[in-house]
file final-v3.cif (mmCIF, N, CA and C atoms)
data_coords
#
loop_
_atom_site.group_PDB
_atom_site.id
_atom_site.type_symbol
_atom_site.label_atom_id
_atom_site.label_comp_id
_atom_site.auth_asym_id
_atom_site.auth_seq_id
_atom_site.Cartn_x
_atom_site.Cartn_y
_atom_site.Cartn_z
ATOM 1 N N MET A 99 189.369 116.557 0.321
ATOM 2 C CA MET A 99 189.891 115.757 1.420
ATOM 3 C C MET A 99 189.077 116.047 2.672
ATOM 4 N N ILE A 100 188.709 114.990 3.363
ATOM 5 C CA ILE A 100 187.942 115.107 4.598
ATOM 6 C C ILE A 100 188.912 115.023 5.773
ATOM 7 N N PRO A 101 188.878 115.994 6.683
ATOM 8 C CA PRO A 101 189.806 115.961 7.814
ATOM 9 C C PRO A 101 189.581 114.751 8.722
ATOM 10 N N SER A 102 190.623 114.336 9.409
ATOM 11 C CA SER A 102 190.524 113.157 10.275
ATOM 12 C C SER A 102 189.619 113.391 11.477
ATOM 13 N N SER A 103 189.278 114.620 11.762
ATOM 14 C CA SER A 103 188.397 114.913 12.891
ATOM 15 C C SER A 103 186.931 114.575 12.580
ATOM 16 N N VAL A 104 186.600 114.315 11.320
ATOM 17 C CA VAL A 104 185.223 113.969 10.949
ATOM 18 C C VAL A 104 184.957 112.529 11.378
ATOM 19 N N ALA A 105 183.980 112.355 12.255
ATOM 20 C CA ALA A 105 183.690 111.020 12.800
ATOM 21 C C ALA A 105 182.508 110.342 12.118
ATOM 22 N N HIS A 106 181.629 111.119 11.501
ATOM 23 C CA HIS A 106 180.417 110.561 10.905
ATOM 24 C C HIS A 106 180.140 111.243 9.569
ATOM 25 N N VAL A 107 179.808 110.438 8.582
ATOM 26 C CA VAL A 107 179.358 110.951 7.292
ATOM 27 C C VAL A 107 177.952 110.406 7.079
ATOM 28 N N ILE A 108 176.987 111.296 6.875
ATOM 29 C CA ILE A 108 175.594 110.890 6.715
ATOM 30 C C ILE A 108 175.073 111.450 5.396
ATOM 31 N N ALA A 109 174.504 110.583 4.580
ATOM 32 C CA ALA A 109 173.829 111.007 3.351
ATOM 33 C C ALA A 109 172.337 110.836 3.578
ATOM 34 N N VAL A 110 171.583 111.897 3.392
ATOM 35 C CA VAL A 110 170.133 111.827 3.520
ATOM 36 C C VAL A 110 169.563 111.840 2.108
ATOM 37 N N ILE A 111 168.886 110.750 1.756
ATOM 38 C CA ILE A 111 168.361 110.576 0.411
ATOM 39 C C ILE A 111 166.839 110.520 0.486
ATOM 40 N N HIS A 112 166.199 111.502 -0.129
ATOM 41 C CA HIS A 112 164.739 111.541 -0.118
ATOM 42 C C HIS A 112 164.214 110.762 -1.318
ATOM 43 N N HIS A 113 163.388 109.766 -1.029
ATOM 44 C CA HIS A 113 162.789 108.953 -2.087
ATOM 45 C C HIS A 113 161.479 108.401 -1.547
ATOM 46 N N ASP A 114 160.386 108.709 -2.231
ATOM 47 C CA ASP A 114 159.074 108.310 -1.714
ATOM 48 C C ASP A 114 158.820 106.807 -1.751
ATOM 49 N N ALA A 115 159.283 106.129 -2.773
ATOM 50 C CA ALA A 115 159.030 104.683 -2.865
ATOM 51 C C ALA A 115 160.206 104.012 -3.576
ATOM 52 N N PRO A 116 161.328 103.870 -2.869
ATOM 53 C CA PRO A 116 162.493 103.282 -3.541
ATOM 54 C C PRO A 116 162.270 101.804 -3.859
ATOM 55 N N PRO A 117 162.704 101.359 -5.040
ATOM 56 C CA PRO A 117 162.633 99.931 -5.351
ATOM 57 C C PRO A 117 163.504 99.137 -4.375
ATOM 58 N N ASP A 118 163.261 97.853 -4.280
ATOM 59 C CA ASP A 118 163.989 96.997 -3.335
ATOM 60 C C ASP A 118 165.500 97.051 -3.523
ATOM 61 N N TRP A 119 165.966 97.170 -4.755
ATOM 62 C CA TRP A 119 167.403 97.130 -5.029
ATOM 63 C C TRP A 119 168.138 98.385 -4.553
ATOM 64 N N VAL A 120 167.419 99.467 -4.291
ATOM 65 C CA VAL A 120 168.071 100.723 -3.910
ATOM 66 C C VAL A 120 168.860 100.570 -2.614
ATOM 67 N N SER A 121 168.290 99.912 -1.624
ATOM 68 C CA SER A 121 168.965 99.766 -0.337
ATOM 69 C C SER A 121 170.301 99.037 -0.486
ATOM 70 N N ALA A 122 170.325 97.953 -1.248
ATOM 71 C CA ALA A 122 171.572 97.205 -1.447
ATOM 72 C C ALA A 122 172.607 98.040 -2.200
ATOM 73 N N LYS A 123 172.171 98.779 -3.192
ATOM 74 C CA LYS A 123 173.083 99.621 -3.974
ATOM 75 C C LYS A 123 173.670 100.738 -3.099
ATOM 76 N N VAL A 124 172.818 101.366 -2.306
ATOM 77 C CA VAL A 124 173.279 102.443 -1.421
ATOM 78 C C VAL A 124 174.202 101.873 -0.348
ATOM 79 N N HIS A 125 173.934 100.661 0.154
ATOM 80 C CA HIS A 125 174.801 100.041 1.150
ATOM 81 C C HIS A 125 176.198 99.811 0.574
ATOM 82 N N ARG A 126 176.283 99.340 -0.658
ATOM 83 C CA ARG A 126 177.589 99.167 -1.297
ATOM 84 C C ARG A 126 178.310 100.508 -1.436
ATOM 85 N N TRP A 127 177.567 101.545 -1.727
ATOM 86 C CA TRP A 127 178.137 102.888 -1.829
ATOM 87 C C TRP A 127 178.698 103.329 -0.471
ATOM 88 N N MET A 128 177.941 103.095 0.609
ATOM 89 C CA MET A 128 178.407 103.478 1.945
ATOM 90 C C MET A 128 179.665 102.686 2.331
ATOM 91 N N LEU A 129 179.684 101.386 2.034
ATOM 92 C CA LEU A 129 180.877 100.571 2.310
ATOM 93 C C LEU A 129 182.080 101.079 1.546
ATOM 94 N N SER A 130 181.882 101.465 0.302
ATOM 95 C CA SER A 130 182.967 101.981 -0.523
ATOM 96 C C SER A 130 183.539 103.272 0.069
ATOM 97 N N ILE A 131 182.659 104.165 0.470
ATOM 98 C CA ILE A 131 183.110 105.423 1.089
ATOM 99 C C ILE A 131 183.866 105.124 2.374
ATOM 100 N N HIS A 132 183.330 104.232 3.195
ATOM 101 C CA HIS A 132 183.974 103.887 4.461
ATOM 102 C C HIS A 132 185.377 103.324 4.232
ATOM 103 N N ARG A 133 185.504 102.397 3.311
ATOM 104 C CA ARG A 133 186.811 101.783 3.038
ATOM 105 C C ARG A 133 187.814 102.801 2.522
ATOM 106 N N ARG A 134 187.372 103.664 1.613
ATOM 107 C CA ARG A 134 188.289 104.687 1.089
ATOM 108 C C ARG A 134 188.743 105.641 2.182
ATOM 109 N N MET A 135 187.844 105.995 3.072
ATOM 110 C CA MET A 135 188.216 106.897 4.164
ATOM 111 C C MET A 135 189.163 106.200 5.122
ATOM 112 N N GLN A 136 188.936 104.931 5.398
ATOM 113 C CA GLN A 136 189.828 104.184 6.287
ATOM 114 C C GLN A 136 191.229 104.089 5.701
ATOM 115 N N ARG A 137 191.313 103.764 4.415
ATOM 116 C CA ARG A 137 192.621 103.633 3.771
ATOM 117 C C ARG A 137 193.361 104.959 3.691
ATOM 118 N N SER A 138 192.660 106.011 3.349
ATOM 119 C CA SER A 138 193.333 107.295 3.143
ATOM 120 C C SER A 138 193.651 108.026 4.444
ATOM 121 N N ARG A 139 192.844 107.803 5.487
ATOM 122 C CA ARG A 139 193.034 108.551 6.730
ATOM 123 C C ARG A 139 193.483 107.697 7.898
ATOM 124 N N ALA A 140 193.316 106.386 7.793
ATOM 125 C CA ALA A 140 193.655 105.462 8.883
ATOM 126 C C ALA A 140 192.903 105.825 10.175
ATOM 127 N N VAL A 141 191.687 106.316 10.003
ATOM 128 C CA VAL A 141 190.829 106.689 11.125
ATOM 129 C C VAL A 141 189.451 106.097 10.866
ATOM 130 N N ASP A 142 188.838 105.540 11.911
ATOM 131 C CA ASP A 142 187.518 104.961 11.740
ATOM 132 C C ASP A 142 186.466 106.059 11.651
ATOM 133 N N THR A 143 185.568 105.908 10.714
ATOM 134 C CA THR A 143 184.478 106.849 10.502
ATOM 135 C C THR A 143 183.208 106.063 10.227
ATOM 136 N N ASP A 144 182.120 106.451 10.837
ATOM 137 C CA ASP A 144 180.830 105.834 10.534
ATOM 138 C C ASP A 144 180.249 106.523 9.307
ATOM 139 N N VAL A 145 179.775 105.732 8.374
ATOM 140 C CA VAL A 145 179.162 106.248 7.150
ATOM 141 C C VAL A 145 177.766 105.657 7.069
ATOM 142 N N ALA A 146 176.771 106.513 6.948
ATOM 143 C CA ALA A 146 175.389 106.031 6.914
ATOM 144 C C ALA A 146 174.590 106.789 5.877
ATOM 145 N N ALA A 147 173.591 106.104 5.352
ATOM 146 C CA ALA A 147 172.622 106.736 4.457
ATOM 147 C C ALA A 147 171.247 106.574 5.074
ATOM 148 N N LEU A 148 170.495 107.642 5.039
ATOM 149 C CA LEU A 148 169.118 107.600 5.511
ATOM 150 C C LEU A 148 168.211 107.726 4.294
ATOM 151 N N LEU A 149 167.476 106.670 3.992
ATOM 152 C CA LEU A 149 166.499 106.689 2.899
ATOM 153 C C LEU A 149 165.179 107.146 3.496
ATOM 154 N N VAL A 150 164.798 108.375 3.236
ATOM 155 C CA VAL A 150 163.637 108.951 3.904
ATOM 156 C C VAL A 150 162.573 109.369 2.902
ATOM 157 N N ASP A 151 161.354 109.466 3.405
ATOM 158 C CA ASP A 151 160.238 109.991 2.632
ATOM 159 C C ASP A 151 159.660 111.174 3.405
ATOM 160 N N GLN A 152 158.498 111.639 2.995
ATOM 161 C CA GLN A 152 157.930 112.822 3.647
ATOM 162 C C GLN A 152 157.565 112.585 5.106
ATOM 163 N N SER A 153 157.531 111.327 5.555
ATOM 164 C CA SER A 153 157.215 111.063 6.959
ATOM 165 C C SER A 153 158.379 111.412 7.892
ATOM 166 N N ALA A 154 159.560 111.564 7.345
ATOM 167 C CA ALA A 154 160.730 111.952 8.152
ATOM 168 C C ALA A 154 160.781 113.476 8.207
ATOM 169 N N THR A 155 160.324 113.995 9.296
ATOM 170 C CA THR A 155 160.275 115.451 9.434
ATOM 171 C C THR A 155 161.680 116.015 9.649
ATOM 172 N N PRO A 156 161.875 117.276 9.316
ATOM 173 C CA PRO A 156 163.163 117.903 9.600
ATOM 174 C C PRO A 156 163.525 117.824 11.088
ATOM 175 N N ALA A 157 162.523 117.914 11.962
ATOM 176 C CA ALA A 157 162.786 117.825 13.406
ATOM 177 C C ALA A 157 163.306 116.441 13.790
ATOM 178 N N LEU A 158 162.715 115.381 13.219
ATOM 179 C CA LEU A 158 163.184 114.019 13.495
ATOM 180 C C LEU A 158 164.625 113.852 13.021
ATOM 181 N N LEU A 159 164.906 114.284 11.802
ATOM 182 C CA LEU A 159 166.266 114.153 11.277
ATOM 183 C C LEU A 159 167.266 114.950 12.120
ATOM 184 N N ALA A 160 166.899 116.149 12.504
ATOM 185 C CA ALA A 160 167.798 116.972 13.329
ATOM 186 C C ALA A 160 168.073 116.295 14.674
ATOM 187 N N THR A 161 167.049 115.732 15.282
ATOM 188 C CA THR A 161 167.210 115.040 16.563
ATOM 189 C C THR A 161 168.150 113.853 16.417
ATOM 190 N N ARG A 162 167.917 113.032 15.405
ATOM 191 C CA ARG A 162 168.740 111.835 15.209
ATOM 192 C C ARG A 162 170.182 112.188 14.854
ATOM 193 N N LEU A 163 170.383 113.199 14.055
ATOM 194 C CA LEU A 163 171.747 113.602 13.711
ATOM 195 C C LEU A 163 172.471 114.195 14.915
ATOM 196 N N GLU A 164 171.756 114.943 15.728
ATOM 197 C CA GLU A 164 172.347 115.499 16.948
ATOM 198 C C GLU A 164 172.776 114.387 17.898
ATOM 199 N N GLU A 165 171.967 113.347 18.024
ATOM 200 C CA GLU A 165 172.332 112.203 18.870
ATOM 201 C C GLU A 165 173.611 111.542 18.358
ATOM 202 N N LEU A 166 173.715 111.434 17.059
ATOM 203 C CA LEU A 166 174.861 110.757 16.457
ATOM 204 C C LEU A 166 176.162 111.532 16.658
ATOM 205 N N VAL A 167 176.072 112.843 16.671
ATOM 206 C CA VAL A 167 177.253 113.686 16.833
ATOM 207 C C VAL A 167 177.996 113.360 18.125
ATOM 208 N N HIS A 168 177.266 112.965 19.146
ATOM 209 C CA HIS A 168 177.861 112.709 20.457
ATOM 210 C C HIS A 168 178.319 111.259 20.642
ATOM 211 N N ARG A 169 178.253 110.466 19.606
ATOM 212 C CA ARG A 169 178.644 109.061 19.687
ATOM 213 C C ARG A 169 180.020 108.876 19.049
ATOM 214 N N ALA A 170 180.841 108.095 19.695
ATOM 215 C CA ALA A 170 182.163 107.803 19.132
ATOM 216 C C ALA A 170 182.004 106.959 17.867
ATOM 217 N N PRO A 171 182.854 107.169 16.866
ATOM 218 C CA PRO A 171 182.755 106.388 15.627
ATOM 219 C C PRO A 171 183.271 104.968 15.810
ATOM 220 N N GLY A 172 182.907 104.115 14.866
ATOM 221 C CA GLY A 172 183.464 102.779 14.843
ATOM 222 C C GLY A 172 182.495 101.666 15.142
ATOM 223 N N ALA A 173 181.370 101.981 15.743
ATOM 224 C CA ALA A 173 180.419 100.921 16.083
ATOM 225 C C ALA A 173 179.702 100.390 14.854
ATOM 226 N N ASN A 174 179.384 101.251 13.938
ATOM 227 C CA ASN A 174 178.645 100.880 12.735
ATOM 228 C C ASN A 174 179.341 101.489 11.523
ATOM 229 N N SER A 175 180.148 100.705 10.869
ATOM 230 C CA SER A 175 180.983 101.252 9.803
ATOM 231 C C SER A 175 180.189 101.796 8.630
ATOM 232 N N ALA A 176 179.198 101.065 8.154
ATOM 233 C CA ALA A 176 178.392 101.523 7.025
ATOM 234 C C ALA A 176 176.985 100.972 7.173
ATOM 235 N N SER A 177 176.001 101.854 7.081
ATOM 236 C CA SER A 177 174.626 101.393 7.245
ATOM 237 C C SER A 177 173.686 102.200 6.358
ATOM 238 N N VAL A 178 172.546 101.591 6.070
ATOM 239 C CA VAL A 178 171.474 102.239 5.318
ATOM 240 C C VAL A 178 170.210 102.049 6.139
ATOM 241 N N LEU A 179 169.575 103.153 6.474
ATOM 242 C CA LEU A 179 168.393 103.104 7.334
ATOM 243 C C LEU A 179 167.240 103.860 6.691
ATOM 244 N N THR A 180 166.030 103.459 7.039
ATOM 245 C CA THR A 180 164.836 104.138 6.550
ATOM 246 C C THR A 180 164.259 105.020 7.652
ATOM 247 N N ALA A 181 163.333 105.859 7.265
ATOM 248 C CA ALA A 181 162.659 106.714 8.249
ATOM 249 C C ALA A 181 161.955 105.867 9.297
ATOM 250 N N ASP A 182 161.370 104.751 8.881
ATOM 251 C CA ASP A 182 160.704 103.859 9.844
ATOM 252 C C ASP A 182 161.677 103.342 10.894
ATOM 253 N N GLU A 183 162.909 103.060 10.481
ATOM 254 C CA GLU A 183 163.895 102.500 11.409
ATOM 255 C C GLU A 183 164.401 103.526 12.419
ATOM 256 N N ILE A 184 164.394 104.802 12.062
ATOM 257 C CA ILE A 184 164.918 105.814 13.002
ATOM 258 C C ILE A 184 163.825 106.598 13.713
ATOM 259 N N ARG A 185 162.581 106.296 13.407
ATOM 260 C CA ARG A 185 161.483 107.054 14.016
ATOM 261 C C ARG A 185 161.454 106.898 15.536
ATOM 262 N N ASN A 186 161.659 105.668 16.041
ATOM 263 C CA ASN A 186 161.548 105.415 17.473
ATOM 264 C C ASN A 186 162.849 104.984 18.130
ATOM 265 N N GLN A 187 163.948 105.097 17.406
ATOM 266 C CA GLN A 187 165.251 104.750 17.983
ATOM 267 C C GLN A 187 166.327 105.581 17.301
ATOM 268 N N THR A 188 167.454 105.682 17.971
ATOM 269 C CA THR A 188 168.551 106.471 17.423
ATOM 270 C C THR A 188 169.134 105.787 16.189
ATOM 271 N N ILE A 189 169.922 106.524 15.420
ATOM 272 C CA ILE A 189 170.607 105.958 14.262
ATOM 273 C C ILE A 189 171.542 104.848 14.720
ATOM 274 N N ALA A 190 172.230 105.063 15.822
ATOM 275 C CA ALA A 190 173.161 104.053 16.340
ATOM 276 C C ALA A 190 172.422 102.767 16.708
ATOM 277 N N GLN A 191 171.288 102.887 17.385
ATOM 278 C CA GLN A 191 170.512 101.694 17.748
ATOM 279 C C GLN A 191 169.983 100.977 16.508
ATOM 280 N N ALA A 192 169.444 101.734 15.566
ATOM 281 C CA ALA A 192 168.905 101.124 14.344
ATOM 282 C C ALA A 192 170.013 100.456 13.538
ATOM 283 N N SER A 193 171.204 101.025 13.549
ATOM 284 C CA SER A 193 172.328 100.455 12.808
ATOM 285 C C SER A 193 172.768 99.122 13.380
ATOM 286 N N THR A 194 172.661 98.967 14.676
ATOM 287 C CA THR A 194 173.117 97.715 15.306
ATOM 288 C C THR A 194 172.089 96.596 15.213
ATOM 289 N N ASN A 195 170.848 96.907 14.844
ATOM 290 C CA ASN A 195 169.813 95.878 14.754
ATOM 291 C C ASN A 195 170.190 94.771 13.783
ATOM 292 N N ASP A 196 170.914 95.088 12.718
ATOM 293 C CA ASP A 196 171.329 94.071 11.760
ATOM 294 C C ASP A 196 172.362 93.115 12.337
ATOM 295 N N PHE A 197 173.074 93.540 13.362
ATOM 296 C CA PHE A 197 174.151 92.740 13.932
ATOM 297 C C PHE A 197 173.711 91.879 15.105
ATOM 298 N N ILE A 198 172.516 92.137 15.613
ATOM 299 C CA ILE A 198 172.031 91.413 16.791
ATOM 300 C C ILE A 198 171.258 90.183 16.368
#

call {"tool": "encode", "arguments": {"input": "final-v3.cif", "output": "structure tokens"}}
result
Amino acid sequence: MIPSSVAHVIAVIHHDAPPDWVSAKVHRWMLSIHRRMQRSRAVDTDVAALLVDQSATPALLATRLEELVHRAPGANSASVLTADEIRNQTIAQASTNDFI
């Protein structure tokens, strides 16, 4: 059981060359986790997956995750992002690009 104080769930998946279908499959997985958490806890939580390769340095990931910790949940319910998408913008900014 995940406590209601958890505002963000992030899965970091290392894959050098994921096939095109991987992003859609992982997005469905993130939506499923988000919905189950909403139903069981009645609290909004952002759920994201980062599909990264060796270009995503530990420092970049640490910076982006630290930025996310200080953001209120609910803006981006479920998202899948690549290292390219978070290299020059925060996870929150990259997540909203699909909605703009």

call {"tool": "residues_around", "arguments": {"input": "final-v3.cif", "residues": "His125 in chain A", "least_positions_apart": "5", "cutoff": "6 Å", "atoms": "only N, CA and C atoms", "output": "list in words"}}
result
Val120, Ser130, Ser177 and Val178 of chain A

call {"tool": "atom_distance", "arguments": {"input": "final-v3.cif", "atom1": "atom N of Thr188 in chain A", "atom2": "atom C of Arg162 in chain A"}}
result
7.7 Å

call {"tool": "atom_distance", "arguments": {"input": "final-v3.cif", "atom1": "CA of Ile108 in chain A", "atom2": "CA of Asp151 in chain A"}}
result
15.9 Å

call {"tool": "closest_residue", "arguments": {"input": "final-v3.cif", "among": "A:His113, A:Lys123, A:His132, A:His168", "to": "Asp144 in chain A", "atoms": "all atoms listed in the file"}}
result
A:His132

call {"tool": "closest_residue", "arguments": {"input": "final-v3.cif", "among": "A:Leu163, A:Val110, A:Ala176, A:Ile184", "to": "Arg133 in chain A", "atoms": "only C-alpha atoms"}}
result
A:Ala176

call {"tool": "atom_distance", "arguments": {"input": "final-v3.cif", "atom1": "atom C of Arg126 in chain A", "atom2": "CA of Ala157 in chain A"}}
result
27.6 Å

call {"tool": "select_by_dssp", "arguments": {"input": "final-v3.cif", "residues": "chain A", "states": "alpha helix (DSSP H)", "output": "VMD selection string"}}
result
chain A and resid 118 to 139 156 to 167 181 to 185 189 to 194

call {"tool": "write_last_selection", "arguments": {"input": "final-v3.cif", "atoms": "N, CA and C atoms", "output": "compact mmCIF listing (two decimals), in the frame of the given file"}}
result
# COMPACT_ATOMS: atom_id res chain seq x y z
N ASP A 118 163.26 97.85 -4.28
CA ASP A 118 163.99 97.00 -3.34
C ASP A 118 165.50 97.05 -3.52
N TRP A 119 165.97 97.17 -4.76
CA TRP A 119 167.40 97.13 -5.03
C TRP A 119 168.14 98.38 -4.55
N VAL A 120 167.42 99.47 -4.29
CA VAL A 120 168.07 100.72 -3.91
C VAL A 120 168.86 100.57 -2.61
N SER A 121 168.29 99.91 -1.62
CA SER A 121 168.96 99.77 -0.34
C SER A 121 170.30 99.04 -0.49
N ALA A 122 170.32 97.95 -1.25
CA ALA A 122 171.57 97.20 -1.45
C ALA A 122 172.61 98.04 -2.20
N LYS A 123 172.17 98.78 -3.19
CA LYS A 123 173.08 99.62 -3.97
C LYS A 123 173.67 100.74 -3.10
N VAL A 124 172.82 101.37 -2.31
CA VAL A 124 173.28 102.44 -1.42
C VAL A 124 174.20 101.87 -0.35
N HIS A 125 173.93 100.66 0.15
CA HIS A 125 174.80 100.04 1.15
C HIS A 125 176.20 99.81 0.57
N ARG A 126 176.28 99.34 -0.66
CA ARG A 126 177.59 99.17 -1.30
C ARG A 126 178.31 100.51 -1.44
N TRP A 127 177.57 101.54 -1.73
CA TRP A 127 178.14 102.89 -1.83
C TRP A 127 178.70 103.33 -0.47
N MET A 128 177.94 103.10 0.61
CA MET A 128 178.41 103.48 1.94
C MET A 128 179.66 102.69 2.33
N LEU A 129 179.68 101.39 2.03
CA LEU A 129 180.88 100.57 2.31
C LEU A 129 182.08 101.08 1.55
N SER A 130 181.88 101.46 0.30
CA SER A 130 182.97 101.98 -0.52
C SER A 130 183.54 103.27 0.07
N ILE A 131 182.66 104.16 0.47
CA ILE A 131 183.11 105.42 1.09
C ILE A 131 183.87 105.12 2.37
N HIS A 132 183.33 104.23 3.20
CA HIS A 132 183.97 103.89 4.46
C HIS A 132 185.38 103.32 4.23
N ARG A 133 185.50 102.40 3.31
CA ARG A 133 186.81 101.78 3.04
C ARG A 133 187.81 102.80 2.52
N ARG A 134 187.37 103.66 1.61
CA ARG A 134 188.29 104.69 1.09
C ARG A 134 188.74 105.64 2.18
N MET A 135 187.84 106.00 3.07
CA MET A 135 188.22 106.90 4.16
C MET A 135 189.16 106.20 5.12
N GLN A 136 188.94 104.93 5.40
CA GLN A 136 189.83 104.18 6.29
C GLN A 136 191.23 104.09 5.70
N ARG A 137 191.31 103.76 4.42
CA ARG A 137 192.62 103.63 3.77
C ARG A 137 193.36 104.96 3.69
N SER A 138 192.66 106.01 3.35
CA SER A 138 193.33 107.30 3.14
C SER A 138 193.65 108.03 4.44
N ARG A 139 192.84 107.80 5.49
CA ARG A 139 193.03 108.55 6.73
C ARG A 139 193.48 107.70 7.90
N PRO A 156 161.88 117.28 9.32
CA PRO A 156 163.16 117.90 9.60
C PRO A 156 163.52 117.82 11.09
N ALA A 157 162.52 117.91 11.96
CA ALA A 157 162.79 117.82 13.41
C ALA A 157 163.31 116.44 13.79
N LEU A 158 162.72 115.38 13.22
CA LEU A 158 163.18 114.02 13.50
C LEU A 158 164.62 113.85 13.02
N LEU A 159 164.91 114.28 11.80
CA LEU A 159 166.27 114.15 11.28
C LEU A 159 167.27 114.95 12.12
N ALA A 160 166.90 116.15 12.50
CA ALA A 160 167.80 116.97 13.33
C ALA A 160 168.07 116.30 14.67
N THR A 161 167.05 115.73 15.28
CA THR A 161 167.21 115.04 16.56
C THR A 161 168.15 113.85 16.42
N ARG A 162 167.92 113.03 15.40
CA ARG A 162 168.74 111.84 15.21
C ARG A 162 170.18 112.19 14.85
N LEU A 163 170.38 113.20 14.06
CA LEU A 163 171.75 113.60 13.71
C LEU A 163 172.47 114.20 14.92
N GLU A 164 171.76 114.94 15.73
CA GLU A 164 172.35 115.50 16.95
C GLU A 164 172.78 114.39 17.90
N GLU A 165 171.97 113.35 18.02
CA GLU A 165 172.33 112.20 18.87
C GLU A 165 173.61 111.54 18.36
N LEU A 166 173.72 111.43 17.06
CA LEU A 166 174.86 110.76 16.46
C LEU A 166 176.16 111.53 16.66
N VAL A 167 176.07 112.84 16.67
CA VAL A 167 177.25 113.69 16.83
C VAL A 167 178.00 113.36 18.12
N ALA A 181 163.33 105.86 7.26
CA ALA A 181 162.66 106.71 8.25
C ALA A 181 161.96 105.87 9.30
N ASP A 182 161.37 104.75 8.88
CA ASP A 182 160.70 103.86 9.84
C ASP A 182 161.68 103.34 10.89
N GLU A 183 162.91 103.06 10.48
CA GLU A 183 163.90 102.50 11.41
C GLU A 183 164.40 103.53 12.42
N ILE A 184 164.39 104.80 12.06
CA ILE A 184 164.92 105.81 13.00
C ILE A 184 163.82 106.60 13.71
N ARG A 185 162.58 106.30 13.41
CA ARG A 185 161.48 107.05 14.02
C ARG A 185 161.45 106.90 15.54
N ILE A 189 169.92 106.52 15.42
CA ILE A 189 170.61 105.96 14.26
C ILE A 189 171.54 104.85 14.72
N ALA A 190 172.23 105.06 15.82
CA ALA A 190 173.16 104.05 16.34
C ALA A 190 172.42 102.77 16.71
N GLN A 191 171.29 102.89 17.39
CA GLN A 191 170.51 101.69 17.75
C GLN A 191 169.98 100.98 16.51
N ALA A 192 169.44 101.73 15.57
CA ALA A 192 168.90 101.12 14.34
C ALA A 192 170.01 100.46 13.54
N SER A 193 171.20 101.02 13.55
CA SER A 193 172.33 100.46 12.81
C SER A 193 172.77 99.12 13.38
N THR A 194 172.66 98.97 14.68
CA THR A 194 173.12 97.72 15.31
C THR A 194 172.09 96.60 15.21

call {"tool": "residues_around", "arguments": {"input": "final-v3.cif", "residues": "Arg185 in chain A", "least_positions_apart": "5", "cutoff": "8 Å", "atoms": "all atoms listed in the file", "output": "number ranges by chain"}}
result
A: 154, 158, 180

call {"tool": "write_last_selection", "arguments": {"input": "final-v3.cif", "atoms": "N, CA and C atoms", "output": "tab-separated table (two decimals), in the coordinates of the input"}}
result
chain	number	residue	atom	x	y	z
A	154	ALA	N	159.56	111.56	7.34
A	154	ALA	CA	160.73	111.95	8.15
A	154	ALA	C	160.78	113.48	8.21
A	158	LEU	N	162.72	115.38	13.22
A	158	LEU	CA	163.18	114.02	13.50
A	158	LEU	C	164.62	113.85	13.02
A	180	THR	N	166.03	103.46	7.04
A	180	THR	CA	164.84	104.14	6.55
A	180	THR	C	164.26	105.02	7.65

call {"tool": "residues_near_point", "arguments": {"input": "final-v3.cif", "point": "(168.4, 102.0, 15.3)", "cutoff": "12 Å", "atoms": "only C-alpha atoms", "output": "number ranges by chain"}}
result
A: 146, 148, 162, 165-166, 174, 177-198

call {"tool": "residues_around", "arguments": {"input": "final-v3.cif", "residues": "Ile111 in chain A", "least_positions_apart": "6", "cutoff": "8 Å", "atoms": "only C-alpha atoms", "output": "ChimeraX atom specification"}}
result
/A:147-150

call {"tool": "residues_around", "arguments": {"input": "final-v3.cif", "residues": "Met135 in chain A", "least_positions_apart": "3", "cutoff": "12 Å", "atoms": "only C-alpha atoms", "output": "PyMOL selection string"}}
result
chain A and resi 99-107+128-132+138-145+175-176

call {"tool": "select_by_dssp", "arguments": {"input": "final-v3.cif", "residues": "chain A", "states": "strand (DSSP E or B)", "output": "list of chain:residue names"}}
result
A:His106, A:Val107, A:Ile108, A:Ala109, A:Val110, A:Ile111, A:His112, A:Asp144, A:Val145, A:Ala146, A:Ala147, A:Leu148, A:Leu149, A:Val150, A:Ala176, A:Ser177, A:Val178, A:Leu179, A:Thr180

call {"tool": "axis_aligned_box", "arguments": {"input": "final-v3.cif", "around": "range 104-111 of chain A", "padding_each_side": "8 Å", "output": "AutoDock Vina command-line options"}}
result
--center_x 176.7 --center_y 112.3 --center_z 6.6 --size_x 35.8 --size_y 20.0 --size_z 28.4
